[in-house]
Amino acid sequence: MVAPGSSSKTPPVLETARLVLRPLAAGDAADFHGLCNDREVARYLFDGEPVSMETARALVGRSGRAFAGGSVGLFGICRHNADGLIGFCGFFVVEGVGEPELTYGLLPPWWGHGFASEAASAVARHALEEAGFRRVLVATDEANTASTRVVERLGAKPIGKIVPAPPGVAYFEIKPRPWGSGGALPGLA
């Protein structure tokens, strides 16, 4: 959740055609905990392991500190004019990788509507254009074909395995694209 050259400023709220992405706050910990422990969400993000309330609070707290430091953390995904989180999208540093990694999760009723691609595109664009990331690193379980399609829609290029990544996890990167090269991330031109 840390970007090079970060400076302290107000955390951003990102908006897309259908979504509002706002930094997760302490009051979101219970909803975030529920998202993390949804069986289908946890299947790929947490290898089916339960996430404790303490861990959920710690992740939300770490995200808040990243935003307070001018970097990017985890955003809650909400639909315009609707209450409640339908998912999350943002960055955290994976142990052993040492670099912020884009992550996202949506509750199953919201799958198949393009919301993951829309949110991930907005967050990746913000990281590259506003937060000073030199690249966006994203991983997907090779068995998670829906997530692989999201990564492909983002225009991410495969970079192979990163050690010590778990078996079956493929890594991709998104780099800033020069102006005039057709370079806006999908859905954000």
# chains A, B, ... in the order shown; residues from 1 in each chain; ligands from 1
>>> residues_around(residues="segment 81-88 of chain A", least_positions_apart="5", cutoff="10 Å", atoms="only C-alpha atoms", output="PyMOL selection string")
chain A and resi 18-24+28+31-32+35-36+41+74-76+103-111+115-116+119-120
>>> write_last_selection(atoms="N, CA and C atoms", output="mmCIF file, in the first residue's frame")
data_model
loop_
_atom_site.group_PDB
_atom_site.id
_atom_site.type_symbol
_atom_site.label_atom_id
_atom_site.label_comp_id
_atom_site.auth_asym_id
_atom_site.auth_seq_id
_atom_site.Cartn_x
_atom_site.Cartn_y
_atom_site.Cartn_z
ATOM 1 N N ARG A 18 -20.554 3.716 -13.196
ATOM 2 C CA ARG A 18 -21.526 3.031 -12.331
ATOM 3 C C ARG A 18 -21.113 2.903 -10.883
ATOM 4 N N LEU A 19 -19.857 3.244 -10.576
ATOM 5 C CA LEU A 19 -19.318 2.943 -9.247
ATOM 6 C C LEU A 19 -18.721 4.152 -8.562
ATOM 7 N N VAL A 20 -18.716 4.089 -7.241
ATOM 8 C CA VAL A 20 -17.962 5.008 -6.401
ATOM 9 C C VAL A 20 -16.973 4.145 -5.628
ATOM 10 N N LEU A 21 -15.708 4.517 -5.692
ATOM 11 C CA LEU A 21 -14.663 3.795 -4.958
ATOM 12 C C LEU A 21 -14.116 4.758 -3.920
ATOM 13 N N ARG A 22 -14.335 4.426 -2.656
ATOM 14 C CA ARG A 22 -13.891 5.293 -1.574
ATOM 15 C C ARG A 22 -12.955 4.525 -0.672
ATOM 16 N N PRO A 23 -11.969 5.227 -0.101
ATOM 17 C CA PRO A 23 -11.043 4.529 0.794
ATOM 18 C C PRO A 23 -11.799 3.829 1.927
ATOM 19 N N LEU A 24 -11.431 2.581 2.189
ATOM 20 C CA LEU A 24 -12.039 1.874 3.312
ATOM 21 C C LEU A 24 -11.671 2.603 4.600
ATOM 22 N N ASP A 28 -15.853 0.421 8.098
ATOM 23 C CA ASP A 28 -16.106 -0.595 7.075
ATOM 24 C C ASP A 28 -15.558 -1.966 7.459
ATOM 25 N N ASP A 31 -18.025 -4.971 7.346
ATOM 26 C CA ASP A 31 -18.429 -5.321 5.978
ATOM 27 C C ASP A 31 -17.259 -5.936 5.208
ATOM 28 N N PHE A 32 -16.058 -5.361 5.382
ATOM 29 C CA PHE A 32 -14.866 -5.893 4.723
ATOM 30 C C PHE A 32 -14.600 -7.323 5.205
ATOM 31 N N LEU A 35 -16.976 -9.588 3.432
ATOM 32 C CA LEU A 35 -16.538 -9.805 2.045
ATOM 33 C C LEU A 35 -15.408 -10.819 1.992
ATOM 34 N N CYS A 36 -14.416 -10.632 2.853
ATOM 35 C CA CYS A 36 -13.241 -11.515 2.860
ATOM 36 C C CYS A 36 -13.606 -12.953 3.192
ATOM 37 N N VAL A 41 -15.463 -15.579 -2.548
ATOM 38 C CA VAL A 41 -14.417 -14.549 -2.578
ATOM 39 C C VAL A 41 -13.126 -15.116 -1.986
ATOM 40 N N LEU A 74 -6.780 0.338 0.048
ATOM 41 C CA LEU A 74 -7.953 -0.406 -0.410
ATOM 42 C C LEU A 74 -9.170 0.507 -0.495
ATOM 43 N N PHE A 75 -9.868 0.439 -1.608
ATOM 44 C CA PHE A 75 -11.101 1.184 -1.805
ATOM 45 C C PHE A 75 -12.285 0.250 -1.606
ATOM 46 N N GLY A 76 -13.333 0.752 -0.989
ATOM 47 C CA GLY A 76 -14.599 0.043 -0.968
ATOM 48 C C GLY A 76 -15.327 0.348 -2.259
ATOM 49 N N THR A 103 -5.402 -5.774 -5.985
ATOM 50 C CA THR A 103 -6.298 -6.855 -5.597
ATOM 51 C C THR A 103 -7.730 -6.355 -5.701
ATOM 52 N N TYR A 104 -8.653 -7.269 -5.878
ATOM 53 C CA TYR A 104 -10.061 -6.904 -5.938
ATOM 54 C C TYR A 104 -10.889 -8.111 -5.554
ATOM 55 N N GLY A 105 -12.044 -7.833 -5.013
ATOM 56 C CA GLY A 105 -12.988 -8.884 -4.666
ATOM 57 C C GLY A 105 -14.391 -8.312 -4.701
ATOM 58 N N LEU A 106 -15.317 -9.055 -5.267
ATOM 59 C CA LEU A 106 -16.721 -8.659 -5.344
ATOM 60 C C LEU A 106 -17.576 -9.770 -4.775
ATOM 61 N N LEU A 107 -18.653 -9.389 -4.112
ATOM 62 C CA LEU A 107 -19.609 -10.398 -3.677
ATOM 63 C C LEU A 107 -20.220 -11.068 -4.910
ATOM 64 N N PRO A 108 -20.459 -12.375 -4.858
ATOM 65 C CA PRO A 108 -20.933 -13.125 -6.029
ATOM 66 C C PRO A 108 -22.149 -12.553 -6.761
ATOM 67 N N PRO A 109 -23.135 -11.943 -6.077
ATOM 68 C CA PRO A 109 -24.262 -11.406 -6.859
ATOM 69 C C PRO A 109 -23.860 -10.327 -7.869
ATOM 70 N N TRP A 110 -22.669 -9.759 -7.698
ATOM 71 C CA TRP A 110 -22.214 -8.679 -8.569
ATOM 72 C C TRP A 110 -21.237 -9.165 -9.636
ATOM 73 N N TRP A 111 -20.959 -10.450 -9.676
ATOM 74 C CA TRP A 111 -20.071 -11.005 -10.694
ATOM 75 C C TRP A 111 -20.751 -10.977 -12.062
ATOM 76 N N PHE A 115 -18.154 -5.087 -13.180
ATOM 77 C CA PHE A 115 -17.781 -4.208 -12.068
ATOM 78 C C PHE A 115 -16.319 -4.376 -11.654
ATOM 79 N N ALA A 116 -15.802 -5.595 -11.665
ATOM 80 C CA ALA A 116 -14.401 -5.807 -11.279
ATOM 81 C C ALA A 116 -13.472 -5.104 -12.263
ATOM 82 N N ALA A 119 -13.768 -1.235 -11.706
ATOM 83 C CA ALA A 119 -13.091 -0.781 -10.494
ATOM 84 C C ALA A 119 -11.576 -0.909 -10.630
ATOM 85 N N ALA A 120 -11.101 -2.053 -11.113
ATOM 86 C CA ALA A 120 -9.653 -2.273 -11.230
ATOM 87 C C ALA A 120 -9.023 -1.285 -12.210
#
>>> select_by_dssp(residues="chain A", states="alpha helix (DSSP H)", output="ChimeraX atom specification")
/A:29-36,39-45,53-68,115-129,145-153
>>> atom_distance(atom1="atom CA of Ala26 of chain A", atom2="atom CA of Val136 of chain A")
25.7 Å
>>> atom_distance(atom1="atom CA of Gly114 of chain A", atom2="atom CA of Glu95 of chain A")
29.2 Å
>>> select_by_dssp(residues="segment 21-151 of chain A", states="strand (DSSP E or B)", output="ChimeraX atom specification")
/A:21-23,74-79,87-93,100-106,136-141
>>> write_last_selection(atoms="N, CA and C atoms", output="compact mmCIF listing (two decimals), in the first residue's frame")
# COMPACT_ATOMS: atom_id res chain seq x y z
N LEU A 21 -15.71 4.52 -5.69
CA LEU A 21 -14.66 3.79 -4.96
C LEU A 21 -14.12 4.76 -3.92
N ARG A 22 -14.34 4.43 -2.66
CA ARG A 22 -13.89 5.29 -1.57
C ARG A 22 -12.96 4.53 -0.67
N PRO A 23 -11.97 5.23 -0.10
CA PRO A 23 -11.04 4.53 0.79
C PRO A 23 -11.80 3.83 1.93
N LEU A 74 -6.78 0.34 0.05
CA LEU A 74 -7.95 -0.41 -0.41
C LEU A 74 -9.17 0.51 -0.50
N PHE A 75 -9.87 0.44 -1.61
CA PHE A 75 -11.10 1.18 -1.81
C PHE A 75 -12.29 0.25 -1.61
N GLY A 76 -13.33 0.75 -0.99
CA GLY A 76 -14.60 0.04 -0.97
C GLY A 76 -15.33 0.35 -2.26
N ILE A 77 -15.94 -0.65 -2.86
CA ILE A 77 -16.69 -0.47 -4.11
C ILE A 77 -18.17 -0.38 -3.76
N CYS A 78 -18.79 0.73 -4.18
CA CYS A 78 -20.22 0.94 -3.99
C CYS A 78 -20.83 1.32 -5.33
N ARG A 79 -22.09 1.00 -5.53
CA ARG A 79 -22.79 1.45 -6.72
C ARG A 79 -23.27 2.88 -6.48
N GLY A 87 -17.94 -4.71 -2.87
CA GLY A 87 -16.62 -5.29 -3.04
C GLY A 87 -15.54 -4.33 -2.59
N PHE A 88 -14.31 -4.68 -2.93
CA PHE A 88 -13.15 -3.84 -2.63
C PHE A 88 -12.15 -3.96 -3.77
N CYS A 89 -11.30 -2.96 -3.89
CA CYS A 89 -10.27 -2.95 -4.91
C CYS A 89 -9.18 -2.00 -4.45
N GLY A 90 -7.96 -2.37 -4.64
CA GLY A 90 -6.86 -1.50 -4.25
C GLY A 90 -5.56 -2.26 -4.15
N PHE A 91 -4.70 -1.78 -3.26
CA PHE A 91 -3.35 -2.32 -3.17
C PHE A 91 -3.01 -2.75 -1.75
N PHE A 92 -2.23 -3.80 -1.67
CA PHE A 92 -1.54 -4.17 -0.43
C PHE A 92 -0.22 -4.81 -0.83
N VAL A 93 0.71 -4.79 0.10
CA VAL A 93 2.02 -5.37 -0.17
C VAL A 93 1.99 -6.83 0.26
N PRO A 100 3.63 -3.18 -4.00
CA PRO A 100 2.16 -3.15 -3.96
C PRO A 100 1.57 -3.98 -5.09
N GLU A 101 0.53 -4.72 -4.74
CA GLU A 101 -0.14 -5.58 -5.71
C GLU A 101 -1.62 -5.22 -5.76
N LEU A 102 -2.14 -5.06 -6.97
CA LEU A 102 -3.56 -4.77 -7.15
C LEU A 102 -4.37 -6.00 -6.76
N THR A 103 -5.40 -5.77 -5.98
CA THR A 103 -6.30 -6.86 -5.60
C THR A 103 -7.73 -6.36 -5.70
N TYR A 104 -8.65 -7.27 -5.88
CA TYR A 104 -10.06 -6.90 -5.94
C TYR A 104 -10.89 -8.11 -5.55
N GLY A 105 -12.04 -7.83 -5.01
CA GLY A 105 -12.99 -8.88 -4.67
C GLY A 105 -14.39 -8.31 -4.70
N LEU A 106 -15.32 -9.06 -5.27
CA LEU A 106 -16.72 -8.66 -5.34
C LEU A 106 -17.58 -9.77 -4.78
N VAL A 136 1.87 -1.25 -12.18
CA VAL A 136 0.88 -1.89 -11.34
C VAL A 136 1.10 -3.39 -11.49
N LEU A 137 1.36 -4.03 -10.38
CA LEU A 137 1.56 -5.48 -10.32
C LEU A 137 0.23 -6.11 -9.95
N VAL A 138 -0.14 -7.16 -10.67
CA VAL A 138 -1.39 -7.87 -10.38
C VAL A 138 -1.15 -9.36 -10.56
N ALA A 139 -1.73 -10.14 -9.68
CA ALA A 139 -1.59 -11.61 -9.73
C ALA A 139 -2.97 -12.23 -9.82
N THR A 140 -3.00 -13.40 -10.39
CA THR A 140 -4.25 -14.16 -10.42
C THR A 140 -3.94 -15.65 -10.33
N ASP A 141 -4.80 -16.35 -9.62
CA ASP A 141 -4.69 -17.80 -9.63
C ASP A 141 -5.01 -18.26 -11.04
>>> residues_around(residues="Asp47 of chain A", least_positions_apart="6", cutoff="12 Å", atoms="only C-alpha atoms", output="PyMOL selection string")
chain A and resi 36-41+140-141+143-144+166-169
